[in-house]
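Structure data (PDB, C-alpha atoms) from target31.pdb:
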ATOM      1  CA  MET A   1      79.492  68.421  77.424
ATOM      2  CA  ALA A   2      81.576  68.482  74.277
ATOM      3  CA  LEU A   3      84.833  66.627  73.909
ATOM      4  CA  ILE A   4      87.604  69.257  74.000
ATOM      5  CA  LEU A   5      89.951  68.559  71.099
ATOM      6  CA  ASN A   6      93.098  69.409  73.016
ATOM      7  CA  GLY A   7      95.823  70.278  70.527
ATOM      8  CA  ARG A   8      98.552  69.872  73.120
ATOM      9  CA  GLU A   9      97.537  66.299  73.883
ATOM     10  CA  ALA A  10      97.287  65.364  70.210
ATOM     11  CA  ALA A  11     100.551  67.131  69.339
ATOM     12  CA  GLN A  12     102.449  65.279  72.060
ATOM     13  CA  SER A  13     101.091  61.961  70.805
ATOM     14  CA  TRP A  14     102.158  62.634  67.207
ATOM     15  CA  LYS A  15     105.529  63.982  68.336
ATOM     16  CA  SER A  16     106.141  60.715  70.182
ATOM     17  CA  ILE A  17     105.531  58.850  66.922
ATOM     18  CA  ILE A  18     107.877  61.202  65.059
ATOM     19  CA  ARG A  19     110.606  60.750  67.702
ATOM     20  CA  LYS A  20     110.470  56.990  67.173
ATOM     21  CA  GLU A  21     110.722  57.468  63.406
ATOM     22  CA  VAL A  22     113.768  59.695  63.857
ATOM     23  CA  ALA A  23     115.377  57.099  66.140
ATOM     24  CA  GLY A  24     114.807  54.536  63.396
ATOM     25  CA  LEU A  25     116.537  56.739  60.815
ATOM     26  CA  LEU A  26     119.525  57.236  63.119
ATOM     27  CA  ALA A  27     119.713  53.485  63.809
ATOM     28  CA  GLN A  28     119.996  52.932  60.050
ATOM     29  CA  GLY A  29     122.957  55.290  59.917
ATOM     30  CA  GLN A  30     120.998  58.178  58.412
ATOM     31  CA  ARG A  31     121.092  61.719  59.740
ATOM     32  CA  ALA A  32     118.254  63.441  61.555
ATOM     33  CA  PRO A  33     115.746  65.416  59.437
ATOM     34  CA  HIS A  34     116.784  69.065  59.057
ATOM     35  CA  LEU A  35     114.246  71.919  58.947
ATOM     36  CA  ALA A  36     115.241  75.523  58.236
ATOM     37  CA  ALA A  37     113.110  78.626  58.766
ATOM     38  CA  VAL A  38     113.632  82.085  57.282
ATOM     39  CA  LEU A  39     112.266  84.947  59.380
ATOM     40  CA  VAL A  40     112.180  88.421  57.833
ATOM     41  CA  GLY A  41     111.697  91.353  60.214
ATOM     42  CA  ASN A  42     110.653  91.415  63.851
ATOM     43  CA  ASP A  43     106.916  90.747  63.874
ATOM     44  CA  PRO A  44     106.255  89.436  67.427
ATOM     45  CA  ALA A  45     103.714  86.804  66.350
ATOM     46  CA  SER A  46     106.038  85.471  63.658
ATOM     47  CA  GLN A  47     108.979  85.423  66.067
ATOM     48  CA  ALA A  48     106.977  83.475  68.638
ATOM     49  CA  TYR A  49     105.726  81.030  66.029
ATOM     50  CA  VAL A  50     109.196  80.355  64.632
ATOM     51  CA  ARG A  51     110.618  79.902  68.137
ATOM     52  CA  GLY A  52     107.920  77.304  68.697
ATOM     53  CA  LYS A  53     108.986  75.474  65.559
ATOM     54  CA  VAL A  54     112.601  75.429  66.730
ATOM     55  CA  ARG A  55     111.496  73.940  70.069
ATOM     56  CA  ASP A  56     109.430  71.339  68.241
ATOM     57  CA  CYS A  57     112.494  70.268  66.256
ATOM     58  CA  GLN A  58     114.525  69.864  69.429
ATOM     59  CA  GLU A  59     111.721  67.852  70.995
ATOM     60  CA  VAL A  60     111.504  65.268  68.199
ATOM     61  CA  GLY A  61     115.219  65.065  67.425
ATOM     62  CA  PHE A  62     115.317  67.156  64.236
ATOM     63  CA  THR A  63     118.129  69.497  63.344
ATOM     64  CA  SER A  64     116.909  73.071  62.880
ATOM     65  CA  THR A  65     118.352  76.255  61.412
ATOM     66  CA  LEU A  66     116.897  79.729  61.891
ATOM     67  CA  ILE A  67     117.876  82.415  59.395
ATOM     68  CA  GLU A  68     116.898  85.935  60.426
ATOM     69  CA  LEU A  69     116.854  88.806  57.944
ATOM     70  CA  SER A  70     116.159  92.478  58.651
ATOM     71  CA  ALA A  71     112.758  94.071  58.006
ATOM     72  CA  ASP A  72     114.263  96.195  55.211
ATOM     73  CA  CYS A  73     115.619  93.107  53.440
ATOM     74  CA  SER A  74     115.229  93.384  49.662
ATOM     75  CA  GLN A  75     113.371  90.836  47.581
ATOM     76  CA  GLN A  76     116.608  90.028  45.774
ATOM     77  CA  GLU A  77     118.340  89.289  49.057
ATOM     78  CA  LEU A  78     115.546  86.981  50.204
ATOM     79  CA  LEU A  79     115.460  85.178  46.859
ATOM     80  CA  ARG A  80     119.213  84.678  47.096
ATOM     81  CA  GLN A  81     118.744  83.094  50.515
ATOM     82  CA  VAL A  82     116.001  80.836  49.147
ATOM     83  CA  GLY A  83     118.319  79.781  46.324
ATOM     84  CA  GLU A  84     121.040  78.831  48.803
ATOM     85  CA  LEU A  85     118.606  76.739  50.829
ATOM     86  CA  ASN A  86     117.396  75.015  47.660
ATOM     87  CA  LYS A  87     120.981  73.946  46.921
ATOM     88  CA  ASN A  88     121.914  72.952  50.482
ATOM     89  CA  SER A  89     121.755  69.153  50.482
ATOM     90  CA  SER A  90     121.943  68.989  54.299
ATOM     91  CA  ILE A  91     118.540  70.722  54.627
ATOM     92  CA  ASP A  92     115.518  68.556  53.892
ATOM     93  CA  GLY A  93     112.903  71.278  53.954
ATOM     94  CA  PHE A  94     112.451  74.932  54.789
ATOM     95  CA  ILE A  95     109.813  77.588  55.243
ATOM     96  CA  VAL A  96     109.733  81.333  54.709
ATOM     97  CA  GLN A  97     107.614  82.685  57.553
ATOM     98  CA  LEU A  98     104.646  84.826  56.536
ATOM     99  CA  PRO A  99     103.682  87.632  56.516
ATOM    100  CA  LEU A 100     106.552  89.298  54.648
ATOM    101  CA  PRO A 101     107.354  93.036  54.571
ATOM    102  CA  LYS A 102     105.474  95.062  51.958
ATOM    103  CA  GLN A 103     108.515  95.447  49.676
ATOM    104  CA  ILE A 104     108.579  91.683  49.058
ATOM    105  CA  ASN A 105     106.203  89.836  46.714
ATOM    106  CA  PRO A 106     105.294  86.619  48.566
ATOM    107  CA  ASN A 107     104.208  84.839  45.375
ATOM    108  CA  GLU A 108     107.639  85.285  43.789
ATOM    109  CA  VAL A 109     109.254  83.909  46.923
ATOM    110  CA  LEU A 110     106.865  80.948  46.991
ATOM    111  CA  LEU A 111     107.557  80.105  43.348
ATOM    112  CA  ALA A 112     111.318  80.251  43.985
ATOM    113  CA  ILE A 113     111.187  77.481  46.609
ATOM    114  CA  ASP A 114     112.135  74.010  45.376
ATOM    115  CA  PRO A 115     108.862  72.004  45.557
ATOM    116  CA  LEU A 116     110.815  69.087  47.057
ATOM    117  CA  LYS A 117     111.768  71.329  50.002
ATOM    118  CA  ASP A 118     108.430  73.147  50.290
ATOM    119  CA  VAL A 119     107.360  71.615  53.617
ATOM    120  CA  ASP A 120     104.680  74.300  54.042
ATOM    121  CA  GLY A 121     102.928  72.676  51.071
ATOM    122  CA  PHE A 122     102.170  75.980  49.326
ATOM    123  CA  HIS A 123     104.015  75.607  45.998
ATOM    124  CA  PRO A 124     101.607  75.246  43.026
ATOM    125  CA  LYS A 125     103.209  71.924  42.090
ATOM    126  CA  ASN A 126     102.503  70.494  45.539
ATOM    127  CA  VAL A 127      98.979  71.909  45.535
ATOM    128  CA  GLY A 128      98.366  70.204  42.180
ATOM    129  CA  LEU A 129      99.693  66.886  43.471
ATOM    130  CA  MET A 130      97.417  67.211  46.514
ATOM    131  CA  VAL A 131      94.380  67.795  44.288
ATOM    132  CA  LEU A 132      95.255  64.686  42.265
ATOM    133  CA  GLY A 133      95.748  62.628  45.421
ATOM    134  CA  LEU A 134      99.414  61.964  44.637
ATOM    135  CA  PRO A 135     102.235  61.865  47.234
ATOM    136  CA  THR A 136     103.226  65.381  48.276
ATOM    137  CA  TYR A 137     103.487  67.747  51.232
ATOM    138  CA  LEU A 138     100.116  68.849  52.558
ATOM    139  CA  PRO A 139      99.509  72.439  53.742
ATOM    140  CA  ALA A 140     100.417  72.338  57.408
ATOM    141  CA  THR A 141      97.217  73.674  59.003
ATOM    142  CA  PRO A 142      94.717  71.450  57.134
ATOM    143  CA  TYR A 143      97.100  68.524  57.597
ATOM    144  CA  GLY A 144      97.276  69.260  61.311
ATOM    145  CA  ILE A 145      93.472  69.326  61.524
ATOM    146  CA  LEU A 146      93.274  65.873  59.940
ATOM    147  CA  LEU A 147      95.877  64.599  62.406
ATOM    148  CA  LEU A 148      93.852  66.118  65.260
ATOM    149  CA  LEU A 149      90.663  64.380  64.107
ATOM    150  CA  GLN A 150      92.559  61.121  63.647
ATOM    151  CA  HIS A 151      94.016  61.290  67.153
ATOM    152  CA  PHE A 152      90.555  61.629  68.689
ATOM    153  CA  GLY A 153      89.036  58.966  66.428
ATOM    154  CA  LEU A 154      86.731  61.364  64.559
ATOM    155  CA  SER A 155      86.356  60.169  60.981
ATOM    156  CA  PRO A 156      84.935  62.606  58.390
ATOM    157  CA  ALA A 157      83.674  59.720  56.210
ATOM    158  CA  GLY A 158      80.041  60.119  55.196
ATOM    159  CA  LYS A 159      79.667  63.380  57.113
ATOM    160  CA  ASN A 160      78.487  66.760  55.818
ATOM    161  CA  ALA A 161      81.408  69.156  56.277
ATOM    162  CA  LEU A 162      81.308  72.935  55.935
ATOM    163  CA  VAL A 163      84.522  74.909  55.517
ATOM    164  CA  ILE A 164      84.152  78.662  56.039
ATOM    165  CA  GLY A 165      86.960  80.527  54.295
ATOM    166  CA  ARG A 166      88.629  79.950  50.921
ATOM    167  CA  SER A 167      92.243  80.958  51.451
ATOM    168  CA  ASN A 168      95.018  79.010  49.750
ATOM    169  CA  ILE A 169      96.515  78.330  53.176
ATOM    170  CA  VAL A 170      93.498  76.801  54.961
ATOM    171  CA  GLY A 171      90.043  76.910  53.374
ATOM    172  CA  MET A 172      90.722  75.656  49.870
ATOM    173  CA  PRO A 173      93.082  72.788  50.792
ATOM    174  CA  MET A 174      90.918  71.832  53.793
ATOM    175  CA  SER A 175      87.881  71.361  51.556
ATOM    176  CA  ILE A 176      89.911  69.214  49.146
ATOM    177  CA  LEU A 177      91.443  67.026  51.854
ATOM    178  CA  LEU A 178      88.121  66.353  53.568
ATOM    179  CA  SER A 179      86.567  65.270  50.272
ATOM    180  CA  ARG A 180      89.406  63.022  49.027
ATOM    181  CA  ASN A 181      89.027  59.250  48.993
ATOM    182  CA  THR A 182      91.400  58.660  51.895
ATOM    183  CA  GLU A 183      91.246  57.375  55.466
ATOM    184  CA  MET A 184      90.629  60.893  56.838
ATOM    185  CA  GLY A 185      88.454  62.078  53.950
ATOM    186  CA  ASN A 186      85.272  60.946  52.196
ATOM    187  CA  ALA A 187      83.150  63.775  53.586
ATOM    188  CA  THR A 188      80.618  65.688  51.505
ATOM    189  CA  VAL A 189      82.088  69.182  51.573
ATOM    190  CA  THR A 190      80.644  72.663  51.110
ATOM    191  CA  MET A 191      82.883  75.732  51.052
ATOM    192  CA  ALA A 192      81.419  79.023  52.279
ATOM    193  CA  HIS A 193      82.893  82.520  52.091
ATOM    194  CA  SER A 194      82.092  86.222  52.311
ATOM    195  CA  ARG A 195      79.611  86.027  49.403
ATOM    196  CA  THR A 196      77.665  83.065  50.819
ATOM    197  CA  SER A 197      74.064  84.188  51.358
ATOM    198  CA  ASN A 198      72.691  81.269  53.410
ATOM    199  CA  LEU A 199      75.617  80.741  55.771
ATOM    200  CA  LYS A 200      73.546  80.132  58.908
ATOM    201  CA  GLU A 201      71.484  77.477  57.156
ATOM    202  CA  LEU A 202      74.628  75.731  55.894
ATOM    203  CA  CYS A 203      76.186  75.807  59.352
ATOM    204  CA  GLN A 204      73.084  74.255  60.893
ATOM    205  CA  SER A 205      73.320  71.271  58.523
ATOM    206  CA  ALA A 206      77.054  70.614  59.022
ATOM    207  CA  ASP A 207      78.261  67.566  60.939
ATOM    208  CA  ILE A 208      81.782  69.013  60.790
ATOM    209  CA  LEU A 209      82.199  72.794  60.861
ATOM    210  CA  VAL A 210      85.616  74.312  60.115
ATOM    211  CA  SER A 211      85.835  78.087  60.509
ATOM    212  CA  ALA A 212      88.861  79.947  59.131
ATOM    213  CA  ILE A 213      87.722  83.525  58.584
ATOM    214  CA  GLY A 214      89.439  85.480  61.376
ATOM    215  CA  ARG A 215      86.272  87.102  62.749
ATOM    216  CA  PRO A 216      86.185  86.752  66.548
ATOM    217  CA  ASN A 217      83.175  84.951  68.043
ATOM    218  CA  PHE A 218      81.434  84.923  64.653
ATOM    219  CA  ILE A 219      80.085  81.369  65.002
ATOM    220  CA  THR A 220      77.387  81.358  67.697
ATOM    221  CA  ALA A 221      75.386  78.540  69.284
ATOM    222  CA  ASP A 222      72.292  79.104  67.129
ATOM    223  CA  MET A 223      74.391  78.459  64.000
ATOM    224  CA  VAL A 224      75.672  75.052  65.099
ATOM    225  CA  LYS A 225      73.968  71.702  64.543
ATOM    226  CA  PRO A 226      73.577  69.816  67.844
ATOM    227  CA  GLY A 227      76.324  67.204  68.047
ATOM    228  CA  ALA A 228      78.526  68.812  65.394
ATOM    229  CA  VAL A 229      82.324  68.689  65.481
ATOM    230  CA  VAL A 230      83.561  72.301  65.495
ATOM    231  CA  ILE A 231      87.087  73.165  64.377
ATOM    232  CA  ASP A 232      88.123  76.761  65.096
ATOM    233  CA  VAL A 233      91.068  77.898  62.952
ATOM    234  CA  GLY A 234      90.607  81.623  63.530
ATOM    235  CA  ILE A 235      92.772  83.503  65.971
ATOM    236  CA  THR A 236      92.435  87.224  66.702
ATOM    237  CA  ARG A 237      93.811  89.296  69.560
ATOM    238  CA  VAL A 238      90.972  91.123  71.313
ATOM    239  CA  GLU A 239      91.773  93.301  74.335
ATOM    240  CA  GLY A 240      94.994  91.406  74.886
ATOM    241  CA  LYS A 241      93.420  87.949  74.636
ATOM    242  CA  LEU A 242      93.514  85.418  71.789
ATOM    243  CA  VAL A 243      90.000  84.747  70.508
ATOM    244  CA  GLY A 244      88.794  82.280  67.871
ATOM    245  CA  ASP A 245      86.064  82.501  65.232
ATOM    246  CA  VAL A 246      83.794  80.452  67.494
ATOM    247  CA  ASP A 247      81.987  81.685  70.610
ATOM    248  CA  PHE A 248      83.432  78.816  72.643
ATOM    249  CA  ALA A 249      81.336  79.329  75.780
ATOM    250  CA  GLY A 250      78.109  79.346  73.784
ATOM    251  CA  VAL A 251      78.926  76.611  71.265
ATOM    252  CA  GLU A 252      80.629  74.094  73.580
ATOM    253  CA  PRO A 253      77.343  72.867  75.163
ATOM    254  CA  VAL A 254      75.856  72.307  71.671
ATOM    255  CA  ALA A 255      78.764  70.595  69.907
ATOM    256  CA  SER A 256      79.927  67.010  70.402
ATOM    257  CA  ALA A 257      83.572  68.076  70.025
ATOM    258  CA  ILE A 258      85.284  71.465  69.769
ATOM    259  CA  THR A 259      88.791  72.925  69.545
ATOM    260  CA  PRO A 260      89.861  75.592  72.049
ATOM    261  CA  VAL A 261      91.658  78.825  71.121
ATOM    262  CA  PRO A 262      94.463  78.911  71.981
ATOM    263  CA  GLY A 263      95.561  75.303  72.487
ATOM    264  CA  GLY A 264      93.866  73.715  69.499
ATOM    265  CA  VAL A 265      94.641  73.943  65.801
ATOM    266  CA  GLY A 266      97.750  76.145  66.102
ATOM    267  CA  LEU A 267      99.742  73.431  67.859
ATOM    268  CA  MET A 268      98.681  70.899  65.228
ATOM    269  CA  THR A 269      99.839  73.161  62.386
ATOM    270  CA  ARG A 270     103.353  72.757  63.756
ATOM    271  CA  VAL A 271     102.911  68.979  63.848
ATOM    272  CA  GLY A 272     101.877  69.047  60.191
ATOM    273  CA  LEU A 273     105.118  70.843  59.416
ATOM    274  CA  LEU A 274     107.135  68.226  61.323
ATOM    275  CA  MET A 275     105.397  65.401  59.464
ATOM    276  CA  ASN A 276     106.151  67.049  56.120
ATOM    277  CA  THR A 277     109.806  67.474  57.097
ATOM    278  CA  LEU A 278     110.033  63.809  58.070
ATOM    279  CA  ARG A 279     108.633  62.893  54.654
ATOM    280  CA  ALA A 280     111.155  65.204  53.008
ATOM    281  CA  ALA A 281     114.008  63.458  54.817
ATOM    282  CA  ARG A 282     112.733  60.153  53.458
ATOM    283  CA  GLY A 283     112.364  61.513  49.943
ATOM    284  CA  LEU A 284     108.559  61.558  50.114
TER     285      LEU A 284
END

Could you render the structure as structure tokens?
Amino acid sequence: MALILNGREAAQSWKSIIRKEVAGLLAQGQRAPHLAAVLVGNDPASQAYVRGKVRDCQEVGFTSTLIELSADCSQQELLRQVGELNKNSSIDGFIVQLPLPKQINPNEVLLAIDPLKDVDGFHPKNVGLMVLGLPTYLPATPYGILLLLQHFGLSPAGKNALVIGRSNIVGMPMSILLSRNTEMGNATVTMAHSRTSNLKELCQSADILVSAIGRPNFITADMVKPGAVVIDVGITRVEGKLVGDVDFAGVEPVASAITPVPGGVGLMTRVGLLMNTLRAARGL
């Protein structure tokens, strides 16, 4: 039976560490880290996710601010809000929750965020620093995956890792982080995508398989190397239920470790955000 990489267990462990760090800051006479979130519109998934982030802040002793804007908010109005957050010295970091309404260009919003407050780790400057292995904020989902692996003592070093998906949010940074010369890196990484012709063959040779394509139950047991570590980033609602990229019931007996959906990577994404905010409060 595979080890279930329980995101709730790992998240609670890392949150305990963060709480102690916050207590240390307060003991030194410093204020608690302050995270702000901007939510545009009333998308239920985004609302639920942001509410979760607010609860996380309360749990670890952060200050949090939620700014809600209407769905018909103009790009100019959102950029003005971003500018105010950039200048607010009491806020260490902030996020603009995606997706945004169609009248808003997300790239312009991203570029307007001060890289020193970009705790989502999406600004091109922070991406460049990540590639160079310099201190910066790491994209929250890949960062959370590394923290999950670290919690369960699963080192990527020397392993063959396959990342399926090449988005700027998960796939691309995940492949870079797994290959870097760091404690939770040093894997030999292949990135696969929609144009990959020999995907099944690549999957069958992967010691670590990370799927982030958003296609429910796409990864089946016959695609997985016996004993592989399987990380399921995908999440799709099918007939009212949340389903991952991986056919959990079929793959779990084959893998040595596997993340559930829900209850796996999503919870660790929020921990990655907390860790970035703590770094922001310390000035990186």

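Proximity of A:Arg270, A:Lys225, A:Lys125, A:Lys53 to Gln204 (chain A), computed with all atoms listed in the file, is greatest for A:Lys225.
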
Return as a list in words the set of residues that the PyMOL selection byres ((chain A and resi 99) around 10) yields on the displayed structure.
Leu39, Val40, Gly41, Asp43, Ala45, Ser46, Val96, Gln97, Leu98, Leu100, Pro101, Lys102, Ile104 and Pro106 of chain A

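Within 12 Å of Ser89 (chain A), once only C-alpha atoms are used and residues closer than 4 positions along the same chain are dropped, the contacting residues are A:Arg31, A:Pro33, A:His34, A:Leu35, A:Ala36, A:Gly83, A:Glu84, A:Leu85, A:Gly93, A:Phe94, A:Asp114, A:Leu116, A:Lys117, A:Ala280, A:Ala281.
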
Find, counting only C-alpha atoms, the residue in A:Val229, A:Ala212, A:Met191, A:Leu78 that gets nearest to Pro253 (chain A).
A:Val229

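Separating CA of Ala71 (chain A) from CA of Gln47 (chain A) is a distance of 12.4 Å.
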
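The gap separating CA of Lys200 (chain A) from CA of Gly227 (chain A) is 16.1 Å, in Å to one decimal.
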
Evaluate the PyMOL selection byres ((chain A and resi 162) around 9) and record the selected residues as a PDB file with C-alpha atoms, in the coordinates of the input, following the chain and residue labels used in the document.
ATOM      1  CA  ASN A 160      78.487  66.760  55.818  1.00  0.00           C
ATOM      2  CA  ALA A 161      81.408  69.156  56.277  1.00  0.00           C
ATOM      3  CA  VAL A 163      84.522  74.909  55.517  1.00  0.00           C
ATOM      4  CA  ILE A 164      84.152  78.662  56.039  1.00  0.00           C
ATOM      5  CA  SER A 175      87.881  71.361  51.556  1.00  0.00           C
ATOM      6  CA  THR A 188      80.618  65.688  51.505  1.00  0.00           C
ATOM      7  CA  VAL A 189      82.088  69.182  51.573  1.00  0.00           C
ATOM      8  CA  THR A 190      80.644  72.663  51.110  1.00  0.00           C
ATOM      9  CA  MET A 191      82.883  75.732  51.052  1.00  0.00           C
ATOM     10  CA  ALA A 192      81.419  79.023  52.279  1.00  0.00           C
ATOM     11  CA  LEU A 202      74.628  75.731  55.894  1.00  0.00           C
ATOM     12  CA  CYS A 203      76.186  75.807  59.352  1.00  0.00           C
ATOM     13  CA  SER A 205      73.320  71.271  58.523  1.00  0.00           C
ATOM     14  CA  ALA A 206      77.054  70.614  59.022  1.00  0.00           C
ATOM     15  CA  ASP A 207      78.261  67.566  60.939  1.00  0.00           C
ATOM     16  CA  ILE A 208      81.782  69.013  60.790  1.00  0.00           C
ATOM     17  CA  LEU A 209      82.199  72.794  60.861  1.00  0.00           C
ATOM     18  CA  VAL A 210      85.616  74.312  60.115  1.00  0.00           C
ATOM     19  CA  SER A 211      85.835  78.087  60.509  1.00  0.00           C
TER      20      SER A 211
END

I would like the residues chosen by the PyMOL selection byres ((chain A and resi 128-138) around 7) on the shown file; could you give them as a PyMOL selection string?
chain A and resi 119+121+124-127+139-140+143+176+276+284

All residues 8 Å or closer to Val109 (chain A), only C-alpha atoms, same chain fewer than 4 positions away omitted, as a PyMOL selection string:
chain A and resi 78-79+82+105+113

Could you write those residues out with C-alpha atoms, as a short mmCIF file (atom, residue, chain, number, x, y, z; two decimals), in the frame of the given file?
data_model
loop_
_atom_site.label_atom_id
_atom_site.label_comp_id
_atom_site.auth_asym_id
_atom_site.auth_seq_id
_atom_site.Cartn_x
_atom_site.Cartn_y
_atom_site.Cartn_z
CA LEU A 78 115.55 86.98 50.20
CA LEU A 79 115.46 85.18 46.86
CA VAL A 82 116.00 80.84 49.15
CA ASN A 105 106.20 89.84 46.71
CA ILE A 113 111.19 77.48 46.61
#

Please identify all polymer residues within 8 Å of Pro260 (chain A), counting all atoms listed in the file, omitting same-chain residues fewer than 4 positions from it, and present them as a PyMOL selection string.
chain A and resi 4-6+232+244+248+264

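Of the listed residues A:Leu69, A:Ala37, A:Ile145, A:His123, the one whose atoms come nearest to Val271 (chain A) is A:Ile145, with distances taken using only C-alpha atoms.
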
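Residues in contact with Val238 (chain A) at up to 12 Å, not including ones fewer than 2 positions away on its chain and judged by all atoms listed in the file, are Gly214, Arg215, Pro216, Asn217, Ile235, Thr236, Gly240, Lys241, Leu242, Val243, Gly244 and Asp245 of chain A.
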
Gly144 (chain A): which residues within 6 Å, counting only C-alpha atoms, same-chain residues fewer than 6 positions away excluded, as an mmCIF file with C-alpha atoms, keeping the file's coordinate frame?
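The file below, result_33.cif, is the result:
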data_model
loop_
_atom_site.group_PDB
_atom_site.id
_atom_site.type_symbol
_atom_site.label_atom_id
_atom_site.label_comp_id
_atom_site.auth_asym_id
_atom_site.auth_seq_id
_atom_site.Cartn_x
_atom_site.Cartn_y
_atom_site.Cartn_z
ATOM 1 C CA MET A 268 98.681 70.899 65.228
ATOM 2 C CA THR A 269 99.839 73.161 62.386
ATOM 3 C CA GLY A 272 101.877 69.047 60.191
#

Minimum-distance residue to Leu3 (chain A), chosen among A:Ser256, A:Gly158, A:Ile95, A:Val265 (using all atoms listed in the file):
A:Ser256
